[in-house]
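This is protein.txt (compact mmCIF, C-alpha atoms).
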# COMPACT_ATOMS: atom_id res chain seq x y z
CA MET A 1 0.00 0.00 0.00
CA LYS A 2 1.54 3.27 -1.14
CA LEU A 3 1.54 6.55 0.76
CA LYS A 4 0.69 10.04 -0.50
CA ILE A 5 1.27 13.04 1.73
CA CYS A 6 -0.65 16.00 0.34
CA GLY A 7 -0.90 19.71 0.94
CA MET A 8 2.83 20.45 1.18
CA LYS A 9 3.72 24.14 1.29
CA TYR A 10 6.98 25.09 3.01
CA PRO A 11 10.42 24.20 1.51
CA ASP A 12 12.16 23.05 4.71
CA ASN A 13 9.13 21.00 5.73
CA ILE A 14 8.93 19.52 2.24
CA LEU A 15 12.54 18.33 2.52
CA GLU A 16 12.01 16.88 6.00
CA VAL A 17 8.92 14.94 4.91
CA GLY A 18 10.62 13.98 1.65
CA ALA A 19 13.39 12.31 3.65
CA LEU A 20 10.75 9.82 4.87
CA LEU A 21 10.29 8.67 1.25
CA PRO A 22 6.54 8.74 0.77
CA ASP A 23 5.56 7.42 -2.65
CA TYR A 24 3.72 10.63 -3.59
CA MET A 25 3.79 14.23 -2.38
CA GLY A 26 0.94 16.55 -3.27
CA PHE A 27 1.15 20.27 -4.05
CA ILE A 28 -2.11 22.22 -4.27
CA PHE A 29 -2.37 24.72 -7.12
CA TRP A 30 -5.80 26.05 -6.18
CA GLU A 31 -5.48 29.64 -4.96
CA LYS A 32 -8.41 29.46 -2.53
CA SER A 33 -6.78 26.68 -0.53
CA ALA A 34 -5.00 27.44 2.76
CA ARG A 35 -2.37 25.02 1.44
CA TYR A 36 -1.93 26.79 -1.89
CA PHE A 37 1.59 26.28 -3.19
CA ASP A 38 3.17 29.13 -5.16
CA GLY A 39 6.87 28.49 -4.63
CA ILE A 40 9.50 26.24 -6.14
CA ILE A 41 9.53 22.58 -5.13
CA PRO A 42 12.96 21.72 -3.69
CA GLU A 43 14.83 18.74 -5.09
CA LEU A 44 13.34 15.52 -3.77
CA PRO A 45 14.43 11.87 -3.91
CA LYS A 46 13.75 10.42 -7.36
CA SER A 47 11.44 7.76 -5.92
CA ILE A 48 8.89 10.40 -4.86
CA GLN A 49 6.25 11.27 -7.43
CA LYS A 50 5.21 14.91 -7.33
CA VAL A 51 1.47 15.43 -7.70
CA GLY A 52 -0.12 18.68 -8.78
CA VAL A 53 -3.61 19.11 -7.31
CA PHE A 54 -5.99 21.19 -9.42
CA VAL A 55 -9.59 22.37 -9.07
CA ASN A 56 -11.31 23.16 -12.38
CA ALA A 57 -8.10 24.47 -13.93
CA THR A 58 -7.64 24.72 -17.68
CA VAL A 59 -5.50 22.25 -19.61
CA GLU A 60 -3.08 25.09 -20.33
CA GLU A 61 -2.73 25.92 -16.63
CA ILE A 62 -2.06 22.29 -15.80
CA LEU A 63 0.53 21.95 -18.57
CA GLU A 64 2.31 25.07 -17.30
CA LYS A 65 2.59 23.60 -13.78
CA ILE A 66 3.74 20.22 -15.12
CA GLU A 67 6.54 21.95 -17.00
CA LYS A 68 7.51 24.31 -14.18
CA HIS A 69 7.59 21.72 -11.40
CA ASP A 70 8.37 18.52 -13.33
CA LEU A 71 5.21 16.86 -12.04
CA GLN A 72 4.74 13.11 -12.36
CA ALA A 73 1.00 13.08 -11.62
CA VAL A 74 -2.03 15.34 -11.90
CA GLN A 75 -4.92 15.18 -9.42
CA LEU A 76 -8.22 16.62 -10.59
CA HIS A 77 -10.26 17.70 -7.58
CA GLY A 78 -13.03 19.68 -9.25
CA ALA A 79 -15.96 19.02 -11.56
CA GLU A 80 -13.76 17.97 -14.50
CA SER A 81 -15.73 16.10 -17.16
CA VAL A 82 -14.84 12.96 -19.06
CA ALA A 83 -14.19 15.12 -22.13
CA PHE A 84 -11.81 17.32 -20.14
CA CYS A 85 -9.91 14.33 -18.81
CA GLU A 86 -9.66 12.92 -22.31
CA LYS A 87 -8.31 16.22 -23.65
CA LEU A 88 -5.79 16.40 -20.80
CA LYS A 89 -4.69 12.81 -21.33
CA LYS A 90 -3.96 13.56 -24.99
CA SER A 91 -2.07 16.74 -24.07
CA ILE A 92 0.33 15.44 -21.42
CA PRO A 93 3.20 12.94 -21.73
CA ASN A 94 2.19 9.30 -21.25
CA ARG A 95 4.38 8.96 -18.18
CA ILE A 96 2.23 11.40 -16.20
CA GLU A 97 -0.56 9.82 -14.18
CA ILE A 98 -4.06 11.27 -13.96
CA ILE A 99 -5.91 10.88 -10.66
CA LYS A 100 -9.61 11.81 -10.73
CA VAL A 101 -11.21 12.67 -7.40
CA PHE A 102 -14.77 11.82 -6.37
CA SER A 103 -16.29 12.99 -3.09
CA ILE A 104 -18.42 10.72 -0.91
CA LEU A 105 -20.68 11.49 2.04
CA ASP A 106 -23.20 8.82 3.04
CA THR A 107 -23.91 7.36 -0.39
CA PHE A 108 -22.39 7.42 -3.86
CA ASP A 109 -23.57 6.58 -7.36
CA PHE A 110 -20.76 4.40 -8.68
CA THR A 111 -22.24 4.28 -12.17
CA ILE A 112 -20.70 7.70 -12.89
CA LEU A 113 -17.22 6.17 -12.73
CA LYS A 114 -17.44 3.96 -15.80
CA PRO A 115 -16.83 6.67 -18.46
CA PHE A 116 -13.77 7.91 -16.54
CA GLU A 117 -12.01 4.55 -16.49
CA SER A 118 -10.38 5.02 -19.88
CA VAL A 119 -9.26 8.60 -19.29
CA CYS A 120 -7.55 8.37 -15.90
CA ASP A 121 -5.05 6.09 -14.19
CA PHE A 122 -6.51 6.16 -10.70
CA PHE A 123 -9.59 7.29 -8.83
CA LEU A 124 -9.36 9.03 -5.46
CA PHE A 125 -12.21 8.94 -2.96
CA ASP A 126 -12.41 11.83 -0.52
CA THR A 127 -14.99 13.07 1.96
CA LYS A 128 -17.58 15.48 0.58
CA GLY A 129 -17.43 18.76 2.51
CA LYS A 130 -17.42 22.54 2.23
CA LEU A 131 -14.03 22.52 0.50
CA PRO A 132 -12.80 20.36 -2.39
CA GLY A 133 -10.42 18.64 0.05
CA GLY A 134 -8.70 18.92 3.41
CA ASN A 135 -11.92 18.94 5.41
CA GLY A 136 -10.49 16.61 8.05
CA THR A 137 -13.43 14.20 8.16
CA THR A 138 -13.71 10.55 7.18
CA PHE A 139 -16.56 9.09 5.15
CA ASP A 140 -18.04 5.66 5.88
CA TRP A 141 -15.78 3.20 4.08
CA LYS A 142 -18.63 0.70 3.92
CA VAL A 143 -19.93 2.69 0.95
CA LEU A 144 -16.95 1.33 -0.98
CA GLU A 145 -18.18 -2.24 -0.59
CA ASN A 146 -20.30 -1.48 -3.67
CA TYR A 147 -17.29 -0.40 -5.73
CA PRO A 148 -17.83 -2.08 -9.12
CA SER A 149 -14.52 -1.38 -10.82
CA THR A 150 -11.05 -2.93 -10.90
CA LYS A 151 -9.50 0.54 -11.32
CA PRO A 152 -7.09 1.05 -8.38
CA PHE A 153 -7.81 4.03 -6.17
CA PHE A 154 -6.40 6.33 -3.51
CA LEU A 155 -8.29 6.42 -0.21
CA SER A 156 -8.49 9.89 1.32
CA GLY A 157 -10.62 11.99 3.65
CA GLY A 158 -9.61 12.79 7.22
CA ILE A 159 -7.33 9.78 7.58
CA GLY A 160 -5.25 9.74 10.75
CA ILE A 161 -2.99 7.22 12.47
CA GLU A 162 -5.88 5.21 13.93
CA GLU A 163 -7.66 4.91 10.58
CA ILE A 164 -4.43 3.73 8.97
CA LYS A 165 -3.91 1.11 11.68
CA LYS A 166 -7.40 -0.24 11.09
CA LEU A 167 -6.88 -0.29 7.34
CA VAL A 168 -3.53 -2.07 7.59
CA GLU A 169 -5.00 -4.62 9.99
CA THR A 170 -7.88 -5.26 7.59
CA LEU A 171 -5.62 -5.67 4.57
CA GLN A 172 -3.32 -8.04 6.43
CA CYS A 173 -5.94 -10.12 8.23
CA ASN A 174 -6.66 -13.73 7.38
CA VAL A 175 -10.04 -14.33 5.76
CA SER A 176 -10.84 -16.86 8.49
CA THR A 177 -10.52 -14.19 11.17
CA ASN A 178 -13.04 -11.51 12.07
CA CYS A 179 -12.20 -8.79 9.58
CA ASN A 180 -13.89 -6.73 6.89
CA VAL A 181 -13.37 -9.02 3.92
CA SER A 182 -15.28 -6.69 1.58
CA ILE A 183 -12.85 -3.84 2.20
CA LYS A 184 -9.88 -6.18 1.97
CA LYS A 185 -10.84 -7.19 -1.57
CA LEU A 186 -10.94 -3.60 -2.83
CA PRO A 187 -8.13 -2.38 -5.14
CA ILE A 188 -6.82 0.22 -2.67
CA TYR A 189 -3.62 1.47 -4.27
CA ALA A 190 -2.61 4.15 -1.77
CA ILE A 191 -3.67 6.15 1.25
CA ASP A 192 -3.70 9.93 1.02
CA VAL A 193 -3.08 11.91 4.21
CA ASN A 194 -3.22 15.62 4.83
CA SER A 195 -4.95 17.60 7.59
CA LYS A 196 -4.61 14.98 10.36
CA PHE A 197 -0.82 15.23 10.05
CA GLU A 198 -0.45 18.99 10.30
CA ILE A 199 0.70 21.58 12.79
CA GLU A 200 -1.10 24.18 10.67
CA PRO A 201 -2.39 24.14 7.09
CA GLY A 202 0.48 23.16 4.82
CA LEU A 203 2.97 22.53 7.65
CA LYS A 204 3.25 18.79 8.33
CA ASN A 205 4.12 17.24 11.69
CA VAL A 206 7.24 15.30 10.72
CA GLN A 207 6.99 12.85 13.59
CA LEU A 208 3.41 11.94 12.70
CA CYS A 209 4.43 11.55 9.08
CA ARG A 210 7.27 9.28 10.18
CA ASP A 211 4.79 7.22 12.18
CA VAL A 212 2.49 6.75 9.18
CA ALA A 213 5.45 5.91 6.94
CA LEU A 214 6.45 3.17 9.36
CA GLN A 215 2.87 1.99 9.91
CA ARG A 216 2.15 1.31 6.25
CA LEU A 217 5.34 -0.80 6.01
CA LYS A 218 4.32 -3.21 8.78
Reformat the file's structure so that it appears as C-alpha cells.
Amino acid sequence: MKLKICGMKYPDNILEVGALLPDYMGFIFWEKSARYFDGIIPELPKSIQKVGVFVNATVEEILEKIEKHDLQAVQLHGAESVAFCEKLKKSIPNRIEIIKVFSILDTFDFTILKPFESVCDFFLFDTKGKLPGGNGTTFDWKVLENYPSTKPFFLSGGIGIEEIKKLVETLQCNVSTNCNVSIKKLPIYAIDVNSKFEIEPGLKNVQLCRDVALQRLK
C-alpha cells in the first residue's frame, strides 16, 4: 500500500517529509486553498512522485505547472468532465498519471465512474465537505463495498494514524478471522493523508508523518 502526503507548502518542511520517502507528495495549485503552493519545489528523492492538485483548472494551466515543477502526476479535484480528462490525457506525456477525485458522504452513485475509467489512471475517494479537500473528516468506508470497478484508487478523507492502523489490519488479516473481507478485496492502491498530520495548514508534523510511513510498512 503506497503513501501520498498531500498539501505540502513550506520548503524546509517539504525536505524533511521527503526524507521519509513517501511514494507521492501533493502540491495544491488552487489559490483558494489554505495550502496553496506558489513556490519552487525543492529537489526531492527520485522515488517520490510529485502530484499537482488542481480544481477546475484549464488544460493550459495544468501543462504550465507540469513543466515548471516537473510533475509526475495530476490530481483533478473539481468538476472535470470525461471530455476534459480525455483532452488532458492527450495533451500530457504518457508517463504522467491522472488521478480523478470523487467525493463521498453517506452514499455514492458508482455508475458515474465507468466513463472515466479510460481517461484516468486512478480514482481518489475523498470526503464530501465545504471545501474540495482537506476537510479533516472521514466518510463511511462501507460505501466502498459497492465499488464495481477494478481501477485502483487512492483512499483519502480525514485519515489519521488510527484509521491507517485499522486499514492495515484489515488488509493483512486472514479471511478466516473476524475482519472486513469486503474492504480487503478492494483495489486500494494508496492512502492519502493531509490535515490529520499537520501543525497548521500546509505545515506537516514530521513525527506523525514518520509514524504513518512506518505503519504502512508493517
d(CA of Ser149 in chain A, CA of Phe123 in chain A) in Å: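 CA of Phe123 in chain A lies at a distance of 10.2 Å from CA of Ser149 in chain A.
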Closest of A:Leu203, A:Ile161, A:Leu105, A:Leu155 to Tyr10 in chain A - atom-to-atom distances counting all atoms listed in the file: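 Ranked by minimum distance to Tyr10 in chain A, first place goes to A:Leu203.
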Within 10 Å of Lys114 in chain A using only C-alpha atoms, minus same-chain residues under 6 positions, as a ChimeraX atom specification: /A:82,148-149,151
Saved selection, atoms kept: C-alpha atoms, as a PDB file, keeping the file's coordinate frame:
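Produced file selection-v6.pdb, reproduced below:
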ATOM      1  CA  VAL A  82     -14.840  12.960 -19.060  1.00  0.00           C
ATOM      2  CA  PRO A 148     -17.830  -2.080  -9.120  1.00  0.00           C
ATOM      3  CA  SER A 149     -14.520  -1.380 -10.820  1.00  0.00           C
ATOM      4  CA  LYS A 151      -9.500   0.540 -11.320  1.00  0.00           C
TER       5      LYS A 151
END
Contacts of Cys120 in chain A within 8 Å, all atoms listed in the file, excl. fewer than 3 positions in-chain, as a list in words: Cys85, Lys89, Glu97, Ile98, Ile99, Lys100, Phe116, Glu117 and Phe123 of chain A
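Going from CA of Lys65 in chain A over to CA of Pro201 in chain A, you cover 21.5 Å.
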Contacts of Pro45 in chain A within 8 Å, only C-alpha atoms, excl. fewer than 6 positions in-chain, as a PyMOL selection string: chain A and resi 18-19+21
Would you mind listing, for every residue of range 11-125 of chain A within 6 Å of range 3-7 of chain A, the two atoms forming the shortest contact and the distance between them in Å to one decimal, using only C-alpha atoms, sorted by chain and ascending residue number, as a Markdown table?
| residue | atom | partner | partner_atom | distance |
| --- | --- | --- | --- | --- |
| A:Pro22 | CA | A:Leu3 | CA | 5.5 |
| A:Asp23 | CA | A:Leu3 | CA | 5.3 |
| A:Tyr24 | CA | A:Lys4 | CA | 4.4 |
| A:Met25 | CA | A:Ile5 | CA | 5.0 |
| A:Gly26 | CA | A:Cys6 | CA | 4.0 |
| A:Phe27 | CA | A:Gly7 | CA | 5.4 |
| A:Ile28 | CA | A:Gly7 | CA | 5.9 |
| A:Arg35 | CA | A:Gly7 | CA | 5.5 |
Two-atom distance - CA of Asp211 in chain A, CA of Thr170 in chain A (Å): 18.4 Å
Near-Glu145 in chain A list (9 Å; all atoms listed in the file; drop same-chain fewer than 2 positions) as a ChimeraX atom specification: /A:141-143,147-148,182-183,185-186
For Lys2 in chain A, the nearest of the candidates A:Gln49, A:Ala57, A:Ile62, A:Lys32, counting all atoms listed in the file: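 Among the listed residues, the smallest separation from Lys2 in chain A belongs to A:Gln49.
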Nearest candidate to Glu61 in chain A (options A:Leu144, A:Val119, A:Leu88, A:Leu113; using only C-alpha atoms):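 Closest candidate: A:Leu88.
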Residues within 8 Å of (-13.4, 6.6, -3.2), file coords, only C-alpha atoms, listed as a PyMOL selection string: chain A and resi 101-104+123-126+144+153-156
Test item: which residues lie within 7 Å of (-7.8, 22.3, -21.5) counting all atoms listed in the file, as number ranges by chain: A: 58-60, 84, 87-88
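Within the 10 Å cut-off around Gln215 in chain A, using all atoms listed in the file and omitting residues fewer than 5 positions from it on the same chain, the listed residues are A:Ile161, A:Ile164, A:Lys165, A:Val168, A:Cys209, A:Arg210.
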